[in-house]
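Right, one structure below, let's go through it.
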Amino acid sequence: MIATNSTDQDKSYQRLPSKTRVMVVDDQSTTRNILKRVINNSGHEVITADSGEQALQLLDESQFTLVLLDIVMPKMDGFEVLKEIRQRYSMSGLPVIMVSVRDDSDDILKAFSMGANDYVAKPIDLPVICARIEAHLAYKQFSDNNDFARRKLEQNVAKKRTKLLSKNKVIEFEKEKRKKAEQLFHESESYFQSLIENVNDIIAVFEEDGTVVYESSSLERILGYKPEERIGNNVFELVHPEDMEVVVARFAQAFSEPEVTFSETARFLHKDGSWRLLEAVGTTTITQEGKQRGIVNARDVTERSNLSEQLSHQASHDTLTGLINRHEFERRLEHALEACRVEQSESALFYLDLDQFKVINDNCGHIAGDELLKQIGALLREEVWKRDTLARLGGDEFVVLLEHCTSEQAKKVGNKILKLIDDYRFIWEDQSFTISVSIGLVPINKKSKNSVEIMKQADSACFAAKGAGRNRVHTFHDDDKTLTMLHGEMQWVAQINQAIDNDRFCLFAQPIVAVGSDDQNHREHYELLLRMRGDEDQFISPGLFLPAAERYHLSQRLDRWVIDNAFKWLLNNPNHLENLSKCAINLSGLSLGNEKFLADLVKRFEESNIPPEKICFEVTETATIANLSDARNFIETLRELGCLFALDDFGSGLSSFAYLKSLPVDYLKIDGIFVKDIDTNPINFAMVKSINEIGKVMGKKTIAEFVENAGIMKKLEEIGVDYAQGYYIDKPKPID
C-alpha cells in the first residue's frame, strides 16, 4: 500500500492473519464457486465478488492477502480494478493474479505493466492456480515478515540514535542497537520456525541422493510418519513405483540447475498403506558449508484430485449407465475420422435403437425402463472390445465406434450384438420380456465428410433397419435403395398436406357381413377407407401414401380429416344413420397417444347426434402394443361413451396373445395374411382357427379380412368366425 501517513504505514506492515484471506473476482458464478471450493480446501478463507465495483467495496471494508482478478467483466473490467488497487496497495502489499480467457501477449504485458503479480489463462488448471496462489502467499508472508522486522528495527534504531546522540552516548546506542537487532533476529527466527511447524504443507530438506535432512511436523498429519522417523531415510522409499522415474528425473534436474523452481505431482505411501497424491514445489540452495540442498513444499491434493476426476467423469459420462455421453462420443468420433484420413485406415459406427423399450417403459414404469437401459449398457460393454467406444446418446439409443475395423468385420460384430440382445431376457416383477435391437452401420474412411454427416447416416440406416422389420443390421450406402425409398416418402409428405388443404381426399366403404348369414344389407356394417385423388382425378391407394404419413407424423391429421368428413356425411344422411349397424373408422397409433385428440373426439360425440354405439374404431395391433398404456386409456374412455373397438391385423405381432387380455376391445380382425389362403394352406387354417377360439374364450367377436373366394368363406363358416370382409363380398366403393 502507498503510505500517506503513519496510520497507513503501520497498516502496511502488520503481520499476516493466522488464516489468509483470498478474494476471487469473477462475473461467472460457476468459476467463482469452483475456485472458492478448491482454495478453501487449501486452508484459506475465500471471499468472492461478482464485479469490479463489489471488489473495491470489499477492499474498503476489509483486509485481504491476495486477489484473483478476472479481466473480462461488464462495466468495470479487471484492468480498471487493478489500477484502483495499485493506487492503494503496492505489489508486495497485495498480490494480484489476473485471469482471462484471452491468452493474448498484449493483455499479459498490459497486466504486468499495470502492476499484476501473475497472469493465468482460462480454462483454469486447478492444480496450477493453487500452486501459484501458494507461491505468492508464501512470498508475501516472507516479504511482510522481513519488512515488519526491518521497519521495527529501523524505527527503534532511529529513536535510540536520536536519544543517545543527544546525550553523547554513542557507544551505549551501538550496544543497544546490536542487542535489539539480535533480539529481533531471534524473534524472527522463532516466528519463522513456528510458521514452518504449523503450516498445512510439508516443508522438507533433502540431499541430492534423496536423503531426508529435515521434515516439518505436518508430515505426520499428511503421511502418518513422525519427522524423526524419516530423518536420514531416503524419500524415494515412499514414492509409488509408477511415479518413481519422473520423480528421480525431477530431482536430478533440480540439483543440476540450482535456484530454479521446479514442481511435480506424485503418489506417496502413507503409513497406513494407502497412497496420497502430493503436489510439490521446490528449489535448491547452497548452505554455509557449501553443500547443495533441495527445499520442497509439498501439499496433499488427493481429495482435490479425486474431486477433479469425479467432475471430469460426470462431464463425459452418462449418469444412468456409466457409459460415455454424446458430447464425449462426438469428440472421439472426430479423432477417429482424422485417424482414418491420416492413416488411410477404416473404422465403423453402429447406431443402436432398442425395439421394445417403450412397451416396457409404458407397462412397468420408468424405473423398469432405466434398469433395462443399465442392463443393456452392461451387456454391450462385455461384447465391445476395450479399444472401441460404447456410448449412450439418450433415451434407448446407443452408439459403438469400432476403430481400425472394416465393414465386413463390423457386420460380424453387429450380428453378434443382435444375437446377444435377442438371447437376453429382461425380468421385472416376475414378468419376462424379449428385447431386440435395430442397428444402423456406417463405414468410416478417408472419404467420410464429417462427424455430423456420419451420425446422420447412422441414424438413417437405423431407421431403415426398423422399417425393414427391426432386429437387423442395415449398412449405409450412398446408393442405398432403402434410404432412397425413405427420401421418396418425403415427397408424399408435401402431397398429403396439399391434398388435405385442397380437400382431395375421399372416403370409400367396404361391407362387413356375418358369416353364414343371408343378409344382403351390406351398408349396415362397413369399414370406411381413405383414398387420395391425384392430379388427374385418379384414386391413389393408401398403401402408397400412408407409410409416409405414419413415418412423418401426418397420420393424426389424416385421422381428423376422416372423422370430420365421416361425421359430416352421416349427419347429412339421417335415414342411413338410423339404419346403420356399425361404421368402422381406422385410427393411427399417433392418435392413440394424443390426449388432445382424445378430448376433441369426446367433445365431437357430446356435441353431435351421432350415437357412439354405431361407431367402431379400428386400431392396429402394432400401434396398440407400441403405445399400450395410452391405447388402453384411449379405448376405455371412448367405450364409456358407448363406442366399440376392433383390433386390426391381429396375429401379425409376435406378442399378440400376451397383450390381448389387457386390451378392452370388442372385435378381433384376423390379419388377412393368414386368411387369404386358408382353403389351401393348413398352417394358416390352424392359425385362424386358434385366433378365433381364443377370441371366443375372451368374449371377442372375430372378423376375417381378405376373403376373396367361396372356398375361404366356407372355411370361415366351418371354423366359426363371426364376420367376413373382402373382395368376394364386395369391393370398396365411394360413399357418395
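Here, A, B, ... name the chains of the C-alpha cells in the order displayed, residue numbers run from 1 inside each chain, and ligands are numbered from 1 in the same displayed order.
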
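For region 241-250 of chain A, the list of residues within 10 Å, based on only C-alpha atoms and with local chain neighbours fewer than 5 positions off taken out, reads A:Asp209, A:Gly210, A:Phe236, A:Phe255, A:Ser256, A:Phe262, A:Ser263, A:Glu264, A:Thr265, A:Ala266, A:Arg267, A:Phe268.
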
Would you write out, as CSV, a table of all residues in region 250-338 of chain A that have an atom no more than 10 Å from an atom of region 433-450 of chain A, listing for each the closest atom pair and the distance in Å to one decimal, considering only C-alpha atoms and ordering rows by chain and rising residue number?
residue,atom,partner,partner_atom,distance
A:Leu333,CA,A:Asn450,CA,9.2
A:Glu334,CA,A:Asn450,CA,7.6
A:Ala336,CA,A:Ile444,CA,8.7
A:Leu337,CA,A:Ile444,CA,7.0
A:Glu338,CA,A:Lys446,CA,8.2

Would you put the residues from that selection into a file with N, CA, C and O atoms, as a CSV table (one decimal), in the first residue's frame?
chain,number,residue,atom,x,y,z
A,333,LEU,N,-15.2,-39.5,-32.0
A,333,LEU,CA,-15.5,-39.7,-33.4
A,333,LEU,C,-14.7,-38.8,-34.3
A,333,LEU,O,-14.2,-39.2,-35.4
A,334,GLU,N,-14.6,-37.6,-33.9
A,334,GLU,CA,-13.7,-36.6,-34.7
A,334,GLU,C,-12.3,-37.1,-34.8
A,334,GLU,O,-11.7,-37.1,-35.8
A,336,ALA,N,-11.3,-40.2,-34.5
A,336,ALA,CA,-11.2,-41.5,-35.3
A,336,ALA,C,-11.3,-41.1,-36.8
A,336,ALA,O,-10.6,-41.7,-37.6
A,337,LEU,N,-12.1,-40.1,-37.1
A,337,LEU,CA,-12.2,-39.7,-38.5
A,337,LEU,C,-10.9,-39.1,-39.0
A,337,LEU,O,-10.5,-39.4,-40.1
A,338,GLU,N,-10.3,-38.3,-38.2
A,338,GLU,CA,-9.0,-37.8,-38.6
A,338,GLU,C,-7.9,-38.9,-38.7
A,338,GLU,O,-7.1,-38.8,-39.6

Excluding Leu59 (chain A) and any residue of its chain fewer than 4 positions from it, enumerate the residues within 12 Å of it, using only C-alpha atoms, and give them as an MDAnalysis selection string. chainID A and resid 1 21:25 47:49 52:55 63:67 81:82 84:86 88:89 94

Could you dump the residues just selected with C-alpha atoms as an mmCIF file, in the first residue's frame?
data_model
loop_
_atom_site.group_PDB
_atom_site.id
_atom_site.type_symbol
_atom_site.label_atom_id
_atom_site.label_comp_id
_atom_site.auth_asym_id
_atom_site.auth_seq_id
_atom_site.Cartn_x
_atom_site.Cartn_y
_atom_site.Cartn_z
ATOM 1 C CA MET A 1 0.000 0.000 0.000
ATOM 2 C CA ARG A 21 -7.973 -14.258 3.062
ATOM 3 C CA VAL A 22 -8.218 -14.520 -0.721
ATOM 4 C CA MET A 23 -10.650 -12.506 -2.845
ATOM 5 C CA VAL A 24 -11.939 -14.147 -6.064
ATOM 6 C CA VAL A 25 -13.382 -11.578 -8.527
ATOM 7 C CA ILE A 47 -14.433 -14.074 -0.281
ATOM 8 C CA THR A 48 -15.993 -13.706 -3.736
ATOM 9 C CA ALA A 49 -17.086 -10.657 -5.731
ATOM 10 C CA GLY A 52 -15.130 -4.826 -10.029
ATOM 11 C CA GLU A 53 -17.281 -2.395 -8.038
ATOM 12 C CA GLN A 54 -18.038 -5.007 -5.371
ATOM 13 C CA ALA A 55 -14.346 -5.948 -5.195
ATOM 14 C CA GLN A 63 -8.103 -6.630 4.573
ATOM 15 C CA PHE A 64 -7.108 -9.314 2.041
ATOM 16 C CA THR A 65 -3.913 -11.247 1.455
ATOM 17 C CA LEU A 66 -4.305 -11.887 -2.290
ATOM 18 C CA VAL A 67 -6.735 -11.060 -5.133
ATOM 19 C CA VAL A 81 -9.912 -2.654 -10.883
ATOM 20 C CA LEU A 82 -6.146 -3.355 -10.944
ATOM 21 C CA GLU A 84 -7.548 1.234 -8.387
ATOM 22 C CA ILE A 85 -5.865 -1.479 -6.304
ATOM 23 C CA ARG A 86 -2.375 -0.248 -7.179
ATOM 24 C CA ARG A 88 -3.967 1.789 -2.644
ATOM 25 C CA TYR A 89 -1.562 -1.143 -2.365
ATOM 26 C CA LEU A 94 -1.442 -7.003 -2.032
#

How many Å separate CA of Ala348 (chain A) from CA of Asp396 (chain A)?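 Separation of CA of Ala348 (chain A) and CA of Asp396 (chain A): 20.3 Å.
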
Members of region 297-415 of chain A assigned helix (DSSP H, G or I) by DSSP, as a short mmCIF file (atom, residue, chain, number, x, y, z; two decimals) with N, CA and C atoms, in the first residue's frame:
data_model
loop_
_atom_site.label_atom_id
_atom_site.label_comp_id
_atom_site.auth_asym_id
_atom_site.auth_seq_id
_atom_site.Cartn_x
_atom_site.Cartn_y
_atom_site.Cartn_z
N THR A 302 -4.87 -35.05 -2.69
CA THR A 302 -5.61 -36.28 -3.00
C THR A 302 -7.09 -36.01 -3.19
N GLU A 303 -7.70 -35.33 -2.23
CA GLU A 303 -9.14 -35.07 -2.30
C GLU A 303 -9.47 -34.17 -3.48
N ARG A 304 -8.63 -33.18 -3.71
CA ARG A 304 -8.87 -32.28 -4.83
C ARG A 304 -8.77 -33.02 -6.16
N SER A 305 -7.80 -33.92 -6.26
CA SER A 305 -7.64 -34.72 -7.47
C SER A 305 -8.83 -35.63 -7.69
N ASN A 306 -9.28 -36.26 -6.59
CA ASN A 306 -10.45 -37.14 -6.69
C ASN A 306 -11.68 -36.36 -7.15
N LEU A 307 -11.86 -35.16 -6.59
CA LEU A 307 -12.99 -34.32 -6.97
C LEU A 307 -12.89 -33.91 -8.43
N SER A 308 -11.68 -33.56 -8.86
CA SER A 308 -11.48 -33.16 -10.26
C SER A 308 -11.78 -34.32 -11.20
N GLU A 309 -11.32 -35.53 -10.81
CA GLU A 309 -11.60 -36.71 -11.64
C GLU A 309 -13.09 -37.00 -11.70
N GLN A 310 -13.75 -36.82 -10.54
CA GLN A 310 -15.20 -37.07 -10.49
C GLN A 310 -15.94 -36.09 -11.39
N LEU A 311 -15.57 -34.81 -11.33
CA LEU A 311 -16.22 -33.80 -12.17
C LEU A 311 -15.95 -34.07 -13.65
N SER A 312 -14.72 -34.48 -13.95
CA SER A 312 -14.37 -34.78 -15.34
C SER A 312 -15.15 -35.99 -15.84
N HIS A 313 -15.31 -36.99 -14.96
CA HIS A 313 -16.06 -38.19 -15.34
C HIS A 313 -17.52 -37.85 -15.59
N GLN A 314 -18.10 -37.02 -14.71
CA GLN A 314 -19.50 -36.65 -14.87
C GLN A 314 -19.73 -35.84 -16.14
N ALA A 315 -18.74 -35.04 -16.52
CA ALA A 315 -18.89 -34.21 -17.71
C ALA A 315 -18.85 -35.03 -19.00
N SER A 316 -18.24 -36.22 -18.94
CA SER A 316 -18.07 -37.00 -20.16
C SER A 316 -18.83 -38.32 -20.15
N ARG A 326 -22.99 -38.34 -25.23
CA ARG A 326 -22.94 -37.88 -26.62
C ARG A 326 -21.77 -36.94 -26.87
N HIS A 327 -21.56 -35.98 -25.98
CA HIS A 327 -20.50 -34.98 -26.18
C HIS A 327 -19.14 -35.65 -26.30
N GLU A 328 -18.82 -36.55 -25.39
CA GLU A 328 -17.53 -37.23 -25.41
C GLU A 328 -17.42 -38.15 -26.63
N PHE A 329 -18.55 -38.80 -26.99
CA PHE A 329 -18.52 -39.69 -28.14
C PHE A 329 -18.22 -38.90 -29.42
N GLU A 330 -18.85 -37.76 -29.59
CA GLU A 330 -18.62 -36.95 -30.79
C GLU A 330 -17.17 -36.48 -30.86
N ARG A 331 -16.58 -36.21 -29.70
CA ARG A 331 -15.16 -35.82 -29.67
C ARG A 331 -14.28 -36.98 -30.15
N ARG A 332 -14.58 -38.18 -29.67
CA ARG A 332 -13.79 -39.35 -30.07
C ARG A 332 -14.02 -39.69 -31.54
N LEU A 333 -15.24 -39.48 -32.00
CA LEU A 333 -15.54 -39.74 -33.41
C LEU A 333 -14.72 -38.82 -34.31
N GLU A 334 -14.56 -37.56 -33.91
CA GLU A 334 -13.74 -36.62 -34.68
C GLU A 334 -12.30 -37.12 -34.77
N HIS A 335 -11.76 -37.62 -33.64
CA HIS A 335 -10.39 -38.13 -33.63
C HIS A 335 -10.27 -39.36 -34.53
N ALA A 336 -11.26 -40.25 -34.46
CA ALA A 336 -11.23 -41.47 -35.27
C ALA A 336 -11.30 -41.12 -36.76
N LEU A 337 -12.12 -40.15 -37.12
CA LEU A 337 -12.23 -39.72 -38.52
C LEU A 337 -10.91 -39.15 -39.02
N GLU A 338 -10.28 -38.35 -38.18
CA GLU A 338 -8.99 -37.77 -38.55
C GLU A 338 -7.94 -38.87 -38.73
N ALA A 339 -7.98 -39.89 -37.85
CA ALA A 339 -7.03 -41.00 -37.95
C ALA A 339 -7.23 -41.77 -39.26
N CYS A 340 -8.49 -41.94 -39.68
CA CYS A 340 -8.77 -42.63 -40.94
C CYS A 340 -8.17 -41.87 -42.13
N ARG A 341 -8.23 -40.56 -42.06
CA ARG A 341 -7.68 -39.75 -43.16
C ARG A 341 -6.15 -39.79 -43.18
N VAL A 342 -5.54 -39.71 -42.00
CA VAL A 342 -4.08 -39.68 -41.92
C VAL A 342 -3.49 -41.06 -42.21
N GLU A 343 -4.08 -42.09 -41.61
CA GLU A 343 -3.53 -43.45 -41.70
C GLU A 343 -4.09 -44.24 -42.88
N PHE A 357 -38.46 -50.95 -26.14
CA PHE A 357 -38.24 -50.17 -24.93
C PHE A 357 -39.52 -49.49 -24.46
N LYS A 358 -40.29 -48.90 -25.38
CA LYS A 358 -41.49 -48.16 -24.99
C LYS A 358 -42.53 -49.08 -24.35
N VAL A 359 -42.60 -50.33 -24.81
CA VAL A 359 -43.55 -51.28 -24.22
C VAL A 359 -43.24 -51.49 -22.75
N ILE A 360 -41.97 -51.71 -22.44
CA ILE A 360 -41.56 -51.94 -21.05
C ILE A 360 -41.73 -50.67 -20.24
N ASN A 361 -41.36 -49.54 -20.81
CA ASN A 361 -41.47 -48.26 -20.10
C ASN A 361 -42.93 -47.95 -19.77
N ASP A 362 -43.84 -48.22 -20.71
CA ASP A 362 -45.26 -47.91 -20.50
C ASP A 362 -45.91 -48.88 -19.52
N ASN A 363 -45.54 -50.15 -19.59
CA ASN A 363 -46.21 -51.16 -18.77
C ASN A 363 -45.62 -51.30 -17.38
N CYS A 364 -44.32 -51.11 -17.27
CA CYS A 364 -43.65 -51.35 -15.98
C CYS A 364 -43.18 -50.06 -15.32
N HIS A 366 -41.02 -46.06 -15.48
CA HIS A 366 -39.71 -45.53 -15.85
C HIS A 366 -38.58 -46.17 -15.06
N ILE A 367 -38.86 -46.62 -13.85
CA ILE A 367 -37.80 -47.28 -13.07
C ILE A 367 -37.36 -48.55 -13.78
N ALA A 368 -38.35 -49.33 -14.28
CA ALA A 368 -38.02 -50.54 -15.03
C ALA A 368 -37.28 -50.18 -16.32
N GLY A 369 -37.73 -49.11 -16.99
CA GLY A 369 -37.06 -48.67 -18.21
C GLY A 369 -35.60 -48.30 -17.95
N ASP A 370 -35.35 -47.58 -16.86
CA ASP A 370 -33.97 -47.23 -16.51
C ASP A 370 -33.13 -48.47 -16.22
N GLU A 371 -33.72 -49.42 -15.51
CA GLU A 371 -33.00 -50.65 -15.20
C GLU A 371 -32.66 -51.42 -16.47
N LEU A 372 -33.59 -51.45 -17.43
CA LEU A 372 -33.34 -52.12 -18.70
C LEU A 372 -32.16 -51.46 -19.41
N LEU A 373 -32.13 -50.13 -19.44
CA LEU A 373 -31.04 -49.41 -20.11
C LEU A 373 -29.70 -49.71 -19.45
N LYS A 374 -29.68 -49.78 -18.11
CA LYS A 374 -28.44 -50.11 -17.41
C LYS A 374 -27.97 -51.52 -17.75
N GLN A 375 -28.91 -52.47 -17.78
CA GLN A 375 -28.54 -53.85 -18.08
C GLN A 375 -28.07 -53.99 -19.53
N ILE A 376 -28.74 -53.32 -20.45
CA ILE A 376 -28.32 -53.36 -21.85
C ILE A 376 -26.92 -52.74 -22.00
N GLY A 377 -26.68 -51.63 -21.31
CA GLY A 377 -25.36 -51.00 -21.35
C GLY A 377 -24.27 -51.94 -20.87
N ALA A 378 -24.56 -52.65 -19.75
CA ALA A 378 -23.58 -53.60 -19.22
C ALA A 378 -23.37 -54.76 -20.18
N LEU A 379 -24.45 -55.21 -20.82
CA LEU A 379 -24.38 -56.32 -21.77
C LEU A 379 -23.52 -55.94 -22.97
N LEU A 380 -23.73 -54.74 -23.49
CA LEU A 380 -22.96 -54.28 -24.65
C LEU A 380 -21.49 -54.06 -24.29
N ARG A 381 -21.24 -53.61 -23.07
CA ARG A 381 -19.87 -53.36 -22.63
C ARG A 381 -19.04 -54.65 -22.65
N GLU A 382 -19.69 -55.78 -22.34
CA GLU A 382 -19.00 -57.07 -22.35
C GLU A 382 -18.66 -57.51 -23.79
N GLU A 383 -19.47 -57.11 -24.75
CA GLU A 383 -19.27 -57.56 -26.12
C GLU A 383 -18.28 -56.67 -26.88
N SER A 407 -15.80 -52.93 -42.91
CA SER A 407 -17.26 -53.11 -42.92
C SER A 407 -17.65 -54.56 -42.68
N GLU A 408 -16.90 -55.48 -43.30
CA GLU A 408 -17.21 -56.90 -43.13
C GLU A 408 -17.02 -57.34 -41.68
N GLN A 409 -15.94 -56.87 -41.06
CA GLN A 409 -15.71 -57.20 -39.66
C GLN A 409 -16.81 -56.59 -38.79
N ALA A 410 -17.22 -55.37 -39.13
CA ALA A 410 -18.26 -54.70 -38.36
C ALA A 410 -19.59 -55.45 -38.45
N LYS A 411 -19.92 -55.97 -39.65
CA LYS A 411 -21.17 -56.72 -39.81
C LYS A 411 -21.19 -57.94 -38.89
N LYS A 412 -20.05 -58.62 -38.78
CA LYS A 412 -19.97 -59.78 -37.89
C LYS A 412 -20.21 -59.37 -36.44
N VAL A 413 -19.59 -58.26 -36.05
CA VAL A 413 -19.81 -57.76 -34.69
C VAL A 413 -21.27 -57.38 -34.49
N GLY A 414 -21.87 -56.73 -35.50
CA GLY A 414 -23.27 -56.33 -35.41
C GLY A 414 -24.19 -57.53 -35.25
N ASN A 415 -23.92 -58.60 -35.99
CA ASN A 415 -24.75 -59.81 -35.86
C ASN A 415 -24.59 -60.46 -34.49
#

Computed interatomic separation between CA of Val675 (chain A) and CA of Ala514 (chain A) (Å):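 Computed distance, CA of Val675 (chain A) to CA of Ala514 (chain A), equals 15.8 Å.
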
I'd like the interatomic distance between CA of Phe398 (chain A) and CA of Tyr351 (chain A), to a tenth of an Å. 6.1 Å

Write out as a PDB file with N, CA and C atoms, in the first residue's frame the residues lying within 7 Å of Val213 (chain A), counting only C-alpha atoms and excluding same-chain residues fewer than 2 positions away.
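Below is the file selection-v3.pdb, written as the result:
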ATOM      1  N   VAL A 205      13.675 -30.782   3.596  1.00  0.00           N
ATOM      2  CA  VAL A 205      15.005 -30.504   3.049  1.00  0.00           C
ATOM      3  C   VAL A 205      15.657 -31.846   2.733  1.00  0.00           C
ATOM      4  N   PHE A 206      16.206 -31.971   1.507  1.00  0.00           N
ATOM      5  CA  PHE A 206      16.797 -33.231   1.066  1.00  0.00           C
ATOM      6  C   PHE A 206      18.217 -33.016   0.571  1.00  0.00           C
ATOM      7  N   GLU A 207      19.009 -34.084   0.675  1.00  0.00           N
ATOM      8  CA  GLU A 207      20.285 -34.117  -0.014  1.00  0.00           C
ATOM      9  C   GLU A 207      20.048 -34.553  -1.455  1.00  0.00           C
ATOM     10  N   THR A 211      18.186 -38.271   0.503  1.00  0.00           N
ATOM     11  CA  THR A 211      18.217 -38.460   1.958  1.00  0.00           C
ATOM     12  C   THR A 211      17.517 -37.296   2.645  1.00  0.00           C
ATOM     13  N   ILE A 231      14.024 -38.862   9.243  1.00  0.00           N
ATOM     14  CA  ILE A 231      15.326 -38.220   9.137  1.00  0.00           C
ATOM     15  C   ILE A 231      16.394 -39.272   8.856  1.00  0.00           C
ATOM     16  N   GLY A 232      17.187 -39.044   7.822  1.00  0.00           N
ATOM     17  CA  GLY A 232      18.245 -39.983   7.463  1.00  0.00           C
ATOM     18  C   GLY A 232      17.808 -41.051   6.480  1.00  0.00           C
TER      19      GLY A 232
END

Near Lys696 (chain A), within 12 Å and counting only C-alpha atoms, which residues show up once chain neighbours fewer than 4 positions away are dropped, as a list of chain:residue names? A:Asp666, A:Tyr667, A:Leu668, A:Lys689, A:Ser690, A:Ile691, A:Asn692, A:Lys700, A:Lys701, A:Thr702, A:Ile703, A:Ile719, A:Gly720, A:Val721, A:Asp722

Residue selection dump (N, CA and C atoms) as a PDB file, in the first residue's frame:
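Printed below is part_36.pdb as written:
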ATOM      1  N   ASP A 666     -63.656 -55.041 -28.682  1.00  0.00           N
ATOM      2  CA  ASP A 666     -64.869 -55.821 -28.929  1.00  0.00           C
ATOM      3  C   ASP A 666     -64.689 -56.806 -30.087  1.00  0.00           C
ATOM      4  N   TYR A 667     -63.836 -56.443 -31.068  1.00  0.00           N
ATOM      5  CA  TYR A 667     -63.639 -57.284 -32.245  1.00  0.00           C
ATOM      6  C   TYR A 667     -62.151 -57.566 -32.446  1.00  0.00           C
ATOM      7  N   LEU A 668     -61.861 -58.758 -32.966  1.00  0.00           N
ATOM      8  CA  LEU A 668     -60.528 -59.093 -33.447  1.00  0.00           C
ATOM      9  C   LEU A 668     -60.617 -59.235 -34.961  1.00  0.00           C
ATOM     10  N   LYS A 689     -57.978 -70.549 -36.981  1.00  0.00           N
ATOM     11  CA  LYS A 689     -58.817 -71.303 -36.046  1.00  0.00           C
ATOM     12  C   LYS A 689     -58.415 -70.997 -34.607  1.00  0.00           C
ATOM     13  N   SER A 690     -57.096 -70.965 -34.343  1.00  0.00           N
ATOM     14  CA  SER A 690     -56.606 -70.682 -32.985  1.00  0.00           C
ATOM     15  C   SER A 690     -56.995 -69.279 -32.543  1.00  0.00           C
ATOM     16  N   ILE A 691     -56.789 -68.307 -33.430  1.00  0.00           N
ATOM     17  CA  ILE A 691     -57.136 -66.923 -33.088  1.00  0.00           C
ATOM     18  C   ILE A 691     -58.626 -66.811 -32.799  1.00  0.00           C
ATOM     19  N   ASN A 692     -59.439 -67.438 -33.616  1.00  0.00           N
ATOM     20  CA  ASN A 692     -60.894 -67.392 -33.424  1.00  0.00           C
ATOM     21  C   ASN A 692     -61.290 -68.015 -32.088  1.00  0.00           C
ATOM     22  N   LYS A 700     -64.618 -61.989 -27.435  1.00  0.00           N
ATOM     23  CA  LYS A 700     -64.464 -61.062 -28.556  1.00  0.00           C
ATOM     24  C   LYS A 700     -65.151 -61.637 -29.800  1.00  0.00           C
ATOM     25  N   LYS A 701     -65.720 -60.751 -30.636  1.00  0.00           N
ATOM     26  CA  LYS A 701     -66.211 -61.138 -31.949  1.00  0.00           C
ATOM     27  C   LYS A 701     -65.020 -61.149 -32.917  1.00  0.00           C
ATOM     28  N   THR A 702     -65.050 -62.023 -33.911  1.00  0.00           N
ATOM     29  CA  THR A 702     -63.938 -62.111 -34.853  1.00  0.00           C
ATOM     30  C   THR A 702     -64.382 -61.722 -36.255  1.00  0.00           C
ATOM     31  N   ILE A 703     -63.458 -61.014 -36.953  1.00  0.00           N
ATOM     32  CA  ILE A 703     -63.699 -60.583 -38.332  1.00  0.00           C
ATOM     33  C   ILE A 703     -62.509 -61.041 -39.169  1.00  0.00           C
ATOM     34  N   ILE A 719     -64.948 -72.866 -39.300  1.00  0.00           N
ATOM     35  CA  ILE A 719     -64.216 -72.506 -38.075  1.00  0.00           C
ATOM     36  C   ILE A 719     -65.125 -71.838 -37.059  1.00  0.00           C
ATOM     37  N   GLY A 720     -66.089 -71.035 -37.542  1.00  0.00           N
ATOM     38  CA  GLY A 720     -66.983 -70.318 -36.645  1.00  0.00           C
ATOM     39  C   GLY A 720     -66.648 -68.859 -36.497  1.00  0.00           C
ATOM     40  N   VAL A 721     -65.926 -68.285 -37.491  1.00  0.00           N
ATOM     41  CA  VAL A 721     -65.624 -66.854 -37.467  1.00  0.00           C
ATOM     42  C   VAL A 721     -66.930 -66.074 -37.623  1.00  0.00           C
ATOM     43  N   ASP A 722     -67.045 -64.941 -36.906  1.00  0.00           N
ATOM     44  CA  ASP A 722     -68.312 -64.210 -36.859  1.00  0.00           C
ATOM     45  C   ASP A 722     -68.571 -63.386 -38.120  1.00  0.00           C
TER      46      ASP A 722
END

Among listed residues A:Val38, A:Ile203, A:Ile421, A:Val96, nearest Asn471 (chain A) (using only C-alpha atoms): A:Ile421

Could you list, as a short mmCIF file (atom, residue, chain, number, x, y, z; two decimals) with C-alpha atoms, in the first residue's frame, every residue within 12 Å of Asp559 (chain A), counting only C-alpha atoms and ignoring same-chain residues fewer than 5 positions away?
data_model
loop_
_atom_site.label_atom_id
_atom_site.label_comp_id
_atom_site.auth_asym_id
_atom_site.auth_seq_id
_atom_site.Cartn_x
_atom_site.Cartn_y
_atom_site.Cartn_z
CA ILE A 500 -55.77 -32.08 -47.05
CA PHE A 505 -59.25 -36.97 -50.12
CA LEU A 507 -63.99 -41.91 -48.33
CA LEU A 528 -64.51 -46.58 -44.11
CA LEU A 529 -61.35 -46.49 -46.23
CA LEU A 530 -59.33 -43.43 -47.28
CA LEU A 546 -49.96 -43.95 -45.55
CA ALA A 549 -47.92 -40.28 -43.20
CA GLU A 550 -47.13 -42.69 -40.38
CA HIS A 553 -46.38 -37.91 -38.14
CA LEU A 554 -49.10 -36.81 -40.53
CA ASP A 564 -64.71 -34.77 -39.64
CA ASN A 565 -65.92 -35.93 -43.05
CA ALA A 566 -67.41 -39.22 -41.85
CA ILE A 585 -63.17 -45.91 -38.72
CA ASN A 586 -59.40 -46.53 -38.66
CA LEU A 587 -57.18 -44.64 -36.20
CA SER A 588 -53.38 -44.40 -36.25
CA GLY A 589 -51.05 -45.11 -33.36
CA LEU A 590 -50.14 -41.43 -33.15
CA SER A 591 -53.74 -40.51 -32.38
CA LEU A 592 -53.97 -43.17 -29.67
CA ASN A 594 -52.53 -37.89 -28.05
CA PHE A 597 -57.07 -35.74 -29.92
CA LEU A 598 -58.99 -37.88 -27.43
CA LEU A 601 -63.16 -36.68 -30.13
CA PHE A 617 -62.79 -47.57 -34.13
CA GLU A 618 -60.19 -49.88 -35.64
CA VAL A 619 -56.65 -49.76 -34.24
#

What lies within 12 Å of Leu716 (chain A) using only C-alpha atoms, ignoring chain neighbours under 4 positions off, as a VMD selection string? chain A and resid 514 to 516 670 674 to 679 684 to 689 691 to 692 702 to 712 720 to 725

Would you return as a PyMOL selection string the members of region 548-585 of chain A that DSSP assigns to strand (DSSP E) on this structure's backbone? chain A and resi 582-585

Out of A:Pro127, A:Gly365, A:Pro511, A:Gly78, which residue has the shortest atom-to-atom distance to Leu580 (chain A) when counting only C-alpha atoms? A:Pro511
